[in-house]
>>> print(open('entry.pdb').read())   # PDB, C-alpha atoms, pLDDT in the B column
ATOM      1  CA  MET A   1     -66.377  -0.833 -96.833  1.00 52.00           C
ATOM      2  CA  PRO A   2     -63.016  -2.548 -97.512  1.00 56.00           C
ATOM      3  CA  ILE A   3     -61.663   0.736 -98.923  1.00 52.00           C
ATOM      4  CA  LEU A   4     -62.731   2.524 -95.731  1.00 42.00           C
ATOM      5  CA  ARG A   5     -60.814  -0.034 -93.655  1.00 51.00           C
ATOM      6  CA  LEU A   6     -57.700   0.635 -95.709  1.00 49.00           C
ATOM      7  CA  PHE A   7     -57.944   4.413 -95.464  1.00 42.00           C
ATOM      8  CA  LEU A   8     -59.171   4.701 -91.883  1.00 41.00           C
ATOM      9  CA  PRO A   9     -55.696   4.264 -90.322  1.00 46.00           C
ATOM     10  CA  VAL A  10     -54.276   6.802 -92.790  1.00 45.00           C
ATOM     11  CA  LEU A  11     -57.041   9.273 -91.949  1.00 39.00           C
ATOM     12  CA  LEU A  12     -56.428   8.831 -88.232  1.00 41.00           C
ATOM     13  CA  VAL A  13     -52.704   9.486 -88.648  1.00 43.00           C
ATOM     14  CA  LEU A  14     -53.395  12.583 -90.744  1.00 41.00           C
ATOM     15  CA  ALA A  15     -55.975  13.858 -88.272  1.00 43.00           C
ATOM     16  CA  SER A  16     -53.616  13.448 -85.315  1.00 43.00           C
ATOM     17  CA  ALA A  17     -50.826  15.215 -87.236  1.00 41.00           C
ATOM     18  CA  CYS A  18     -53.111  18.197 -87.859  1.00 41.00           C
ATOM     19  CA  THR A  19     -54.089  18.705 -84.254  1.00 41.00           C
ATOM     20  CA  THR A  20     -51.715  20.806 -82.235  1.00 43.00           C
ATOM     21  CA  ALA A  21     -51.689  20.767 -78.471  1.00 43.00           C
ATOM     22  CA  LEU A  22     -52.202  24.199 -76.979  1.00 41.00           C
ATOM     23  CA  PRO A  23     -49.325  25.436 -74.877  1.00 43.00           C
ATOM     24  CA  ALA A  24     -49.974  25.310 -71.169  1.00 47.00           C
ATOM     25  CA  GLU A  25     -50.933  28.584 -69.534  1.00 43.00           C
ATOM     26  CA  PRO A  26     -48.110  29.986 -67.457  1.00 42.00           C
ATOM     27  CA  ALA A  27     -48.746  29.226 -63.825  1.00 53.00           C
ATOM     28  CA  PRO A  28     -49.680  32.225 -61.742  1.00 52.00           C
ATOM     29  CA  ALA A  29     -47.100  33.014 -59.129  1.00 88.00           C
ATOM     30  CA  PHE A  30     -47.059  35.309 -56.180  1.00 96.00           C
ATOM     31  CA  TYR A  31     -43.912  36.657 -54.602  1.00 96.00           C
ATOM     32  CA  VAL A  32     -44.067  38.036 -51.077  1.00 97.00           C
ATOM     33  CA  VAL A  33     -41.144  39.785 -49.449  1.00 97.00           C
ATOM     34  CA  ARG A  34     -40.827  41.713 -46.244  1.00 97.00           C
ATOM     35  CA  HIS A  35     -39.346  45.185 -46.674  1.00 97.00           C
ATOM     36  CA  LEU A  36     -35.594  45.196 -46.348  1.00 97.00           C
ATOM     37  CA  HIS A  37     -33.243  46.395 -43.607  1.00 97.00           C
ATOM     38  CA  THR A  38     -34.390  49.291 -41.412  1.00 97.00           C
ATOM     39  CA  PRO A  39     -33.363  50.678 -38.046  1.00 96.00           C
ATOM     40  CA  GLU A  40     -35.437  49.267 -35.216  1.00 93.00           C
ATOM     41  CA  GLY A  41     -38.075  51.268 -33.358  1.00 90.00           C
ATOM     42  CA  GLN A  42     -38.943  53.961 -35.926  1.00 92.00           C
ATOM     43  CA  ARG A  43     -42.434  54.412 -37.374  1.00 92.00           C
ATOM     44  CA  ASP A  44     -41.555  55.109 -41.020  1.00 95.00           C
ATOM     45  CA  PRO A  45     -37.798  54.828 -41.509  1.00 97.00           C
ATOM     46  CA  ASP A  46     -35.841  54.821 -44.716  1.00 97.00           C
ATOM     47  CA  LEU A  47     -33.933  51.690 -45.584  1.00 98.00           C
ATOM     48  CA  THR A  48     -30.447  51.492 -44.128  1.00 97.00           C
ATOM     49  CA  ALA A  49     -27.434  51.404 -46.459  1.00 97.00           C
ATOM     50  CA  GLU A  50     -27.596  47.591 -46.235  1.00 96.00           C
ATOM     51  CA  GLY A  51     -31.291  47.679 -47.097  1.00 96.00           C
ATOM     52  CA  ARG A  52     -30.638  49.795 -50.191  1.00 97.00           C
ATOM     53  CA  ARG A  53     -27.821  47.448 -51.233  1.00 96.00           C
ATOM     54  CA  VAL A  54     -30.042  44.371 -50.892  1.00 96.00           C
ATOM     55  CA  ALA A  55     -32.934  46.147 -52.689  1.00 96.00           C
ATOM     56  CA  ALA A  56     -30.625  46.506 -55.677  1.00 94.00           C
ATOM     57  CA  LEU A  57     -29.903  42.766 -55.448  1.00 94.00           C
ATOM     58  CA  LEU A  58     -33.650  42.035 -55.333  1.00 91.00           C
ATOM     59  CA  ALA A  59     -33.866  43.553 -58.794  1.00 85.00           C
ATOM     60  CA  ASP A  60     -31.420  40.859 -59.985  1.00 84.00           C
ATOM     61  CA  ARG A  61     -33.262  38.006 -58.230  1.00 84.00           C
ATOM     62  CA  PHE A  62     -36.001  37.425 -60.788  1.00 76.00           C
ATOM     63  CA  ARG A  63     -34.561  35.291 -63.573  1.00 68.00           C
ATOM     64  CA  GLY A  64     -37.731  33.281 -64.180  1.00 72.00           C
ATOM     65  CA  PRO A  65     -41.148  34.833 -64.403  1.00 86.00           C
ATOM     66  CA  ARG A  66     -40.673  38.468 -63.460  1.00 91.00           C
ATOM     67  CA  PRO A  67     -43.363  40.372 -61.598  1.00 96.00           C
ATOM     68  CA  ALA A  68     -45.931  42.006 -63.855  1.00 96.00           C
ATOM     69  CA  ALA A  69     -47.253  44.030 -60.906  1.00 98.00           C
ATOM     70  CA  ILE A  70     -45.708  45.243 -57.660  1.00 98.00           C
ATOM     71  CA  TYR A  71     -47.702  46.081 -54.529  1.00 98.00           C
ATOM     72  CA  VAL A  72     -46.330  48.194 -51.675  1.00 98.00           C
ATOM     73  CA  SER A  73     -47.783  49.664 -48.520  1.00 98.00           C
ATOM     74  CA  ASP A  74     -47.587  53.432 -48.162  1.00 96.00           C
ATOM     75  CA  PHE A  75     -44.411  53.359 -46.086  1.00 98.00           C
ATOM     76  CA  ARG A  76     -40.985  54.514 -47.233  1.00 98.00           C
ATOM     77  CA  ARG A  77     -39.360  51.159 -46.455  1.00 98.00           C
ATOM     78  CA  THR A  78     -41.681  49.157 -48.725  1.00 98.00           C
ATOM     79  CA  ARG A  79     -41.516  51.695 -51.553  1.00 98.00           C
ATOM     80  CA  GLN A  80     -37.702  51.807 -51.297  1.00 98.00           C
ATOM     81  CA  THR A  81     -37.474  48.001 -51.249  1.00 98.00           C
ATOM     82  CA  ALA A  82     -39.438  47.779 -54.512  1.00 98.00           C
ATOM     83  CA  ALA A  83     -37.974  50.850 -56.253  1.00 98.00           C
ATOM     84  CA  PRO A  84     -34.940  49.288 -58.031  1.00 97.00           C
ATOM     85  CA  LEU A  85     -36.983  46.356 -59.353  1.00 96.00           C
ATOM     86  CA  ALA A  86     -39.896  48.594 -60.379  1.00 97.00           C
ATOM     87  CA  ALA A  87     -37.496  50.891 -62.251  1.00 96.00           C
ATOM     88  CA  ARG A  88     -35.830  47.959 -64.022  1.00 94.00           C
ATOM     89  CA  LEU A  89     -39.194  46.510 -65.090  1.00 95.00           C
ATOM     90  CA  GLY A  90     -40.816  49.856 -65.893  1.00 96.00           C
ATOM     91  CA  LEU A  91     -43.600  49.274 -63.360  1.00 97.00           C
ATOM     92  CA  THR A  92     -45.338  51.733 -61.074  1.00 98.00           C
ATOM     93  CA  PRO A  93     -45.939  50.097 -57.686  1.00 98.00           C
ATOM     94  CA  ILE A  94     -49.560  49.877 -56.556  1.00 98.00           C
ATOM     95  CA  VAL A  95     -50.169  51.104 -53.014  1.00 98.00           C
ATOM     96  CA  TYR A  96     -52.272  48.889 -50.732  1.00 98.00           C
ATOM     97  CA  ASP A  97     -53.550  49.159 -47.167  1.00 98.00           C
ATOM     98  CA  PRO A  98     -51.525  46.740 -44.995  1.00 96.00           C
ATOM     99  CA  ALA A  99     -54.438  46.549 -42.542  1.00 97.00           C
ATOM    100  CA  ASP A 100     -56.731  45.029 -45.207  1.00 98.00           C
ATOM    101  CA  THR A 101     -55.223  41.722 -46.339  1.00 97.00           C
ATOM    102  CA  PRO A 102     -58.481  40.443 -47.912  1.00 98.00           C
ATOM    103  CA  ALA A 103     -58.712  43.502 -50.193  1.00 98.00           C
ATOM    104  CA  LEU A 104     -55.045  43.170 -51.152  1.00 98.00           C
ATOM    105  CA  VAL A 105     -55.402  39.483 -51.999  1.00 97.00           C
ATOM    106  CA  ALA A 106     -58.585  40.097 -54.013  1.00 97.00           C
ATOM    107  CA  ARG A 107     -56.826  42.837 -56.006  1.00 97.00           C
ATOM    108  CA  VAL A 108     -53.674  40.785 -56.582  1.00 97.00           C
ATOM    109  CA  ARG A 109     -55.656  37.775 -57.838  1.00 94.00           C
ATOM    110  CA  ILE A 110     -57.218  39.938 -60.575  1.00 94.00           C
ATOM    111  CA  GLY A 111     -53.778  40.261 -62.122  1.00 93.00           C
ATOM    112  CA  PRO A 112     -51.593  40.837 -63.884  1.00 95.00           C
ATOM    113  CA  LEU A 113     -49.517  37.935 -62.643  1.00 94.00           C
ATOM    114  CA  PRO A 114     -46.977  37.195 -61.355  1.00 95.00           C
ATOM    115  CA  ALA A 115     -47.221  39.793 -58.615  1.00 97.00           C
ATOM    116  CA  LEU A 116     -44.737  40.903 -55.992  1.00 97.00           C
ATOM    117  CA  ILE A 117     -46.087  42.095 -52.644  1.00 98.00           C
ATOM    118  CA  VAL A 118     -43.757  43.969 -50.328  1.00 98.00           C
ATOM    119  CA  GLY A 119     -45.058  43.737 -46.774  1.00 98.00           C
ATOM    120  CA  HIS A 120     -44.099  43.945 -43.130  1.00 97.00           C
ATOM    121  CA  SER A 121     -43.130  41.486 -40.404  1.00 96.00           C
ATOM    122  CA  ASN A 122     -46.698  41.523 -39.090  1.00 96.00           C
ATOM    123  CA  THR A 123     -48.394  41.190 -42.515  1.00 97.00           C
ATOM    124  CA  VAL A 124     -46.241  38.765 -44.542  1.00 98.00           C
ATOM    125  CA  PRO A 125     -47.463  35.578 -42.776  1.00 98.00           C
ATOM    126  CA  ASP A 126     -51.121  36.567 -43.313  1.00 97.00           C
ATOM    127  CA  VAL A 127     -50.554  37.525 -46.955  1.00 98.00           C
ATOM    128  CA  VAL A 128     -48.719  34.275 -47.758  1.00 98.00           C
ATOM    129  CA  ALA A 129     -51.490  32.211 -46.124  1.00 97.00           C
ATOM    130  CA  ALA A 130     -54.286  34.220 -47.788  1.00 97.00           C
ATOM    131  CA  LEU A 131     -52.689  33.584 -51.188  1.00 97.00           C
ATOM    132  CA  GLY A 132     -52.889  29.842 -50.468  1.00 95.00           C
ATOM    133  CA  GLY A 133     -49.273  29.355 -49.415  1.00 96.00           C
ATOM    134  CA  THR A 134     -47.834  27.701 -46.333  1.00 96.00           C
ATOM    135  CA  ARG A 135     -47.979  30.266 -43.558  1.00 97.00           C
ATOM    136  CA  PRO A 136     -44.511  31.254 -42.319  1.00 97.00           C
ATOM    137  CA  GLY A 137     -43.849  31.512 -38.612  1.00 96.00           C
ATOM    138  CA  PRO A 138     -43.800  34.897 -36.900  1.00 96.00           C
ATOM    139  CA  LEU A 139     -41.151  37.289 -38.201  1.00 96.00           C
ATOM    140  CA  VAL A 140     -38.910  39.378 -35.969  1.00 95.00           C
ATOM    141  CA  HIS A 141     -37.138  42.630 -36.724  1.00 94.00           C
ATOM    142  CA  ALA A 142     -33.965  40.957 -38.013  1.00 94.00           C
ATOM    143  CA  ASP A 143     -35.854  38.809 -40.571  1.00 95.00           C
ATOM    144  CA  PHE A 144     -34.835  40.542 -43.801  1.00 95.00           C
ATOM    145  CA  GLY A 145     -34.127  39.095 -47.227  1.00 94.00           C
ATOM    146  CA  ASP A 146     -36.598  36.224 -47.662  1.00 95.00           C
ATOM    147  CA  ILE A 147     -38.900  35.810 -50.638  1.00 95.00           C
ATOM    148  CA  TRP A 148     -41.901  33.485 -50.446  1.00 96.00           C
ATOM    149  CA  VAL A 149     -42.849  32.112 -53.850  1.00 94.00           C
ATOM    150  CA  ILE A 150     -46.395  30.740 -54.008  1.00 95.00           C
ATOM    151  CA  GLY A 151     -47.421  28.554 -56.922  1.00 92.00           C
ATOM    152  CA  PRO A 152     -50.900  27.885 -58.312  1.00 89.00           C
ATOM    153  CA  ALA A 153     -51.580  24.896 -56.056  1.00 90.00           C
ATOM    154  CA  GLY A 154     -50.274  26.631 -52.933  1.00 92.00           C
ATOM    155  CA  GLU A 155     -46.805  25.138 -53.158  1.00 93.00           C
ATOM    156  CA  THR A 156     -44.568  27.500 -51.244  1.00 94.00           C
ATOM    157  CA  GLU A 157     -40.846  28.003 -51.461  1.00 93.00           C
ATOM    158  CA  ARG A 158     -38.876  30.308 -49.198  1.00 94.00           C
ATOM    159  CA  LEU A 159     -35.860  31.772 -50.978  1.00 92.00           C
ATOM    160  CA  ARG A 160     -33.141  34.181 -49.883  1.00 92.00           C
ATOM    161  CA  ILE A 161     -32.139  37.284 -51.757  1.00 89.00           C
ATOM    162  CA  GLU A 162     -28.543  36.642 -52.696  1.00 75.00           C
ATOM    163  CA  THR A 163     -26.499  39.065 -50.624  1.00 68.00           C
ATOM    164  CA  ARG A 164     -23.084  38.463 -52.276  1.00 62.00           C
TER
END
>>> encode(input="entry.pdb", output="structure tokens")
Amino acid sequence: MPILRLFLPVLLVLASACTTALPAEPAPAFYVVRHLHTPEGQRDPDLTAEGRRVAALLADRFRGPRPAAIYVSDFRRTRQTAAPLAARLGLTPIVYDPADTPALVARVRIGPLPALIVGHSNTVPDVVAALGGTRPGPLVHADFGDIWVIGPAGETERLRIETR
């Protein structure tokens, strides 16, 4: 017994030195952006020159966890907003139905994560809220260039695409 008392502290130190903490899983993140600059009043317009310029800047915006998947509605403006980033990351955007937010959110949660969703002024608030984020107020036509970043516990940060 006395020998065990002498060696027990040594054994405990050795045992704790042999156990390695597992690295924490990267937190899932969702990025939601409204399509970029378009002319007002057209059903399916292309991005304006300013919209194309800012779309190129969006590709530079992700310095931390970059999207592993990109979701776009089947409108030119959302596809064109995502195109420079998708090309840079080698991703093919996944088309979703903007009228079915629950299906989009279910699909996005499957992964891979992080995911970028490019939406519309009338869908972004619902998508952000459905992903557990703080719902933004209503968006108007001139609201271009914001990115909502939603963390695993619903923490929400609204960032601007740097427009240099």
>>> residues_near_point(input="entry.pdb", point="(-45.6, 24.6, -49.8)", cutoff="10 Å", atoms="all atoms listed in the file", output="JSON, numbers by chain")
{"A": [132, 133, 134, 135, 148, 149, 150, 151, 153, 154, 155, 156, 157, 158]}
>>> write_last_selection(input="entry.pdb", atoms="C-alpha atoms", output="compact mmCIF listing (two decimals), in the frame of the given file")
# COMPACT_ATOMS: atom_id res chain seq x y z
CA GLY A 132 -52.89 29.84 -50.47
CA GLY A 133 -49.27 29.36 -49.42
CA THR A 134 -47.83 27.70 -46.33
CA ARG A 135 -47.98 30.27 -43.56
CA TRP A 148 -41.90 33.48 -50.45
CA VAL A 149 -42.85 32.11 -53.85
CA ILE A 150 -46.40 30.74 -54.01
CA GLY A 151 -47.42 28.55 -56.92
CA ALA A 153 -51.58 24.90 -56.06
CA GLY A 154 -50.27 26.63 -52.93
CA GLU A 155 -46.80 25.14 -53.16
CA THR A 156 -44.57 27.50 -51.24
CA GLU A 157 -40.85 28.00 -51.46
CA ARG A 158 -38.88 30.31 -49.20
>>> closest_residue(input="entry.pdb", among="A:Arg79, A:Arg52, A:Arg43, A:Arg160", to="A:Ile117", atoms="only C-alpha atoms")
A:Arg79
>>> closest_atom_pairs(input="entry.pdb", of="stretch 101-130 of chain A", to="stretch 53-67 of chain A", cutoff="6 Å", atoms="all atoms listed in the file", output="CSV")
residue,atom,partner,partner_atom,distance
A:Pro114,CA,A:Pro67,CA,4.8
A:Ala115,CA,A:Pro67,CA,4.9
A:Leu116,CA,A:Pro67,CA,5.8
>>> resolve_selection(input="entry.pdb", expression="the PyMOL selection byres ((chain A and resi 120) around 9)", output="list in words")
Val33, Arg34, His35, Ser73, Thr78, Pro98, Val118, Gly119, Ser121, Asn122, Thr123, Val124 and Leu139 of chain A
>>> atom_distance(input="entry.pdb", atom1="atom CA of A:Ile70", atom2="atom CA of A:Gln42")
24.4 Å
>>> resolve_selection(input="entry.pdb", expression="the PyMOL selection byres ((chain A and resi 145) around 7)", output="list in words")
Leu36, Asp143, Phe144, Asp146, Ile147, Arg160 and Ile161 of chain A
>>> resolve_selection(input="entry.pdb", expression="the PyMOL selection byres ((chain A and resi 47) around 6)", output="ChimeraX atom specification")
/A:37-38,46,48,51-52,77
>>> atom_distance(input="entry.pdb", atom1="atom CA of A:Gln80", atom2="atom CA of A:Pro152")
28.2 Å
>>> atom_distance(input="entry.pdb", atom1="atom CA of A:Pro93", atom2="atom CA of A:Arg107")
13.2 Å
>>> closest_residue(input="entry.pdb", among="A:Val32, A:Leu131, A:Val95, A:Ala82", to="A:Arg109", atoms="all atoms listed in the file")
A:Leu131
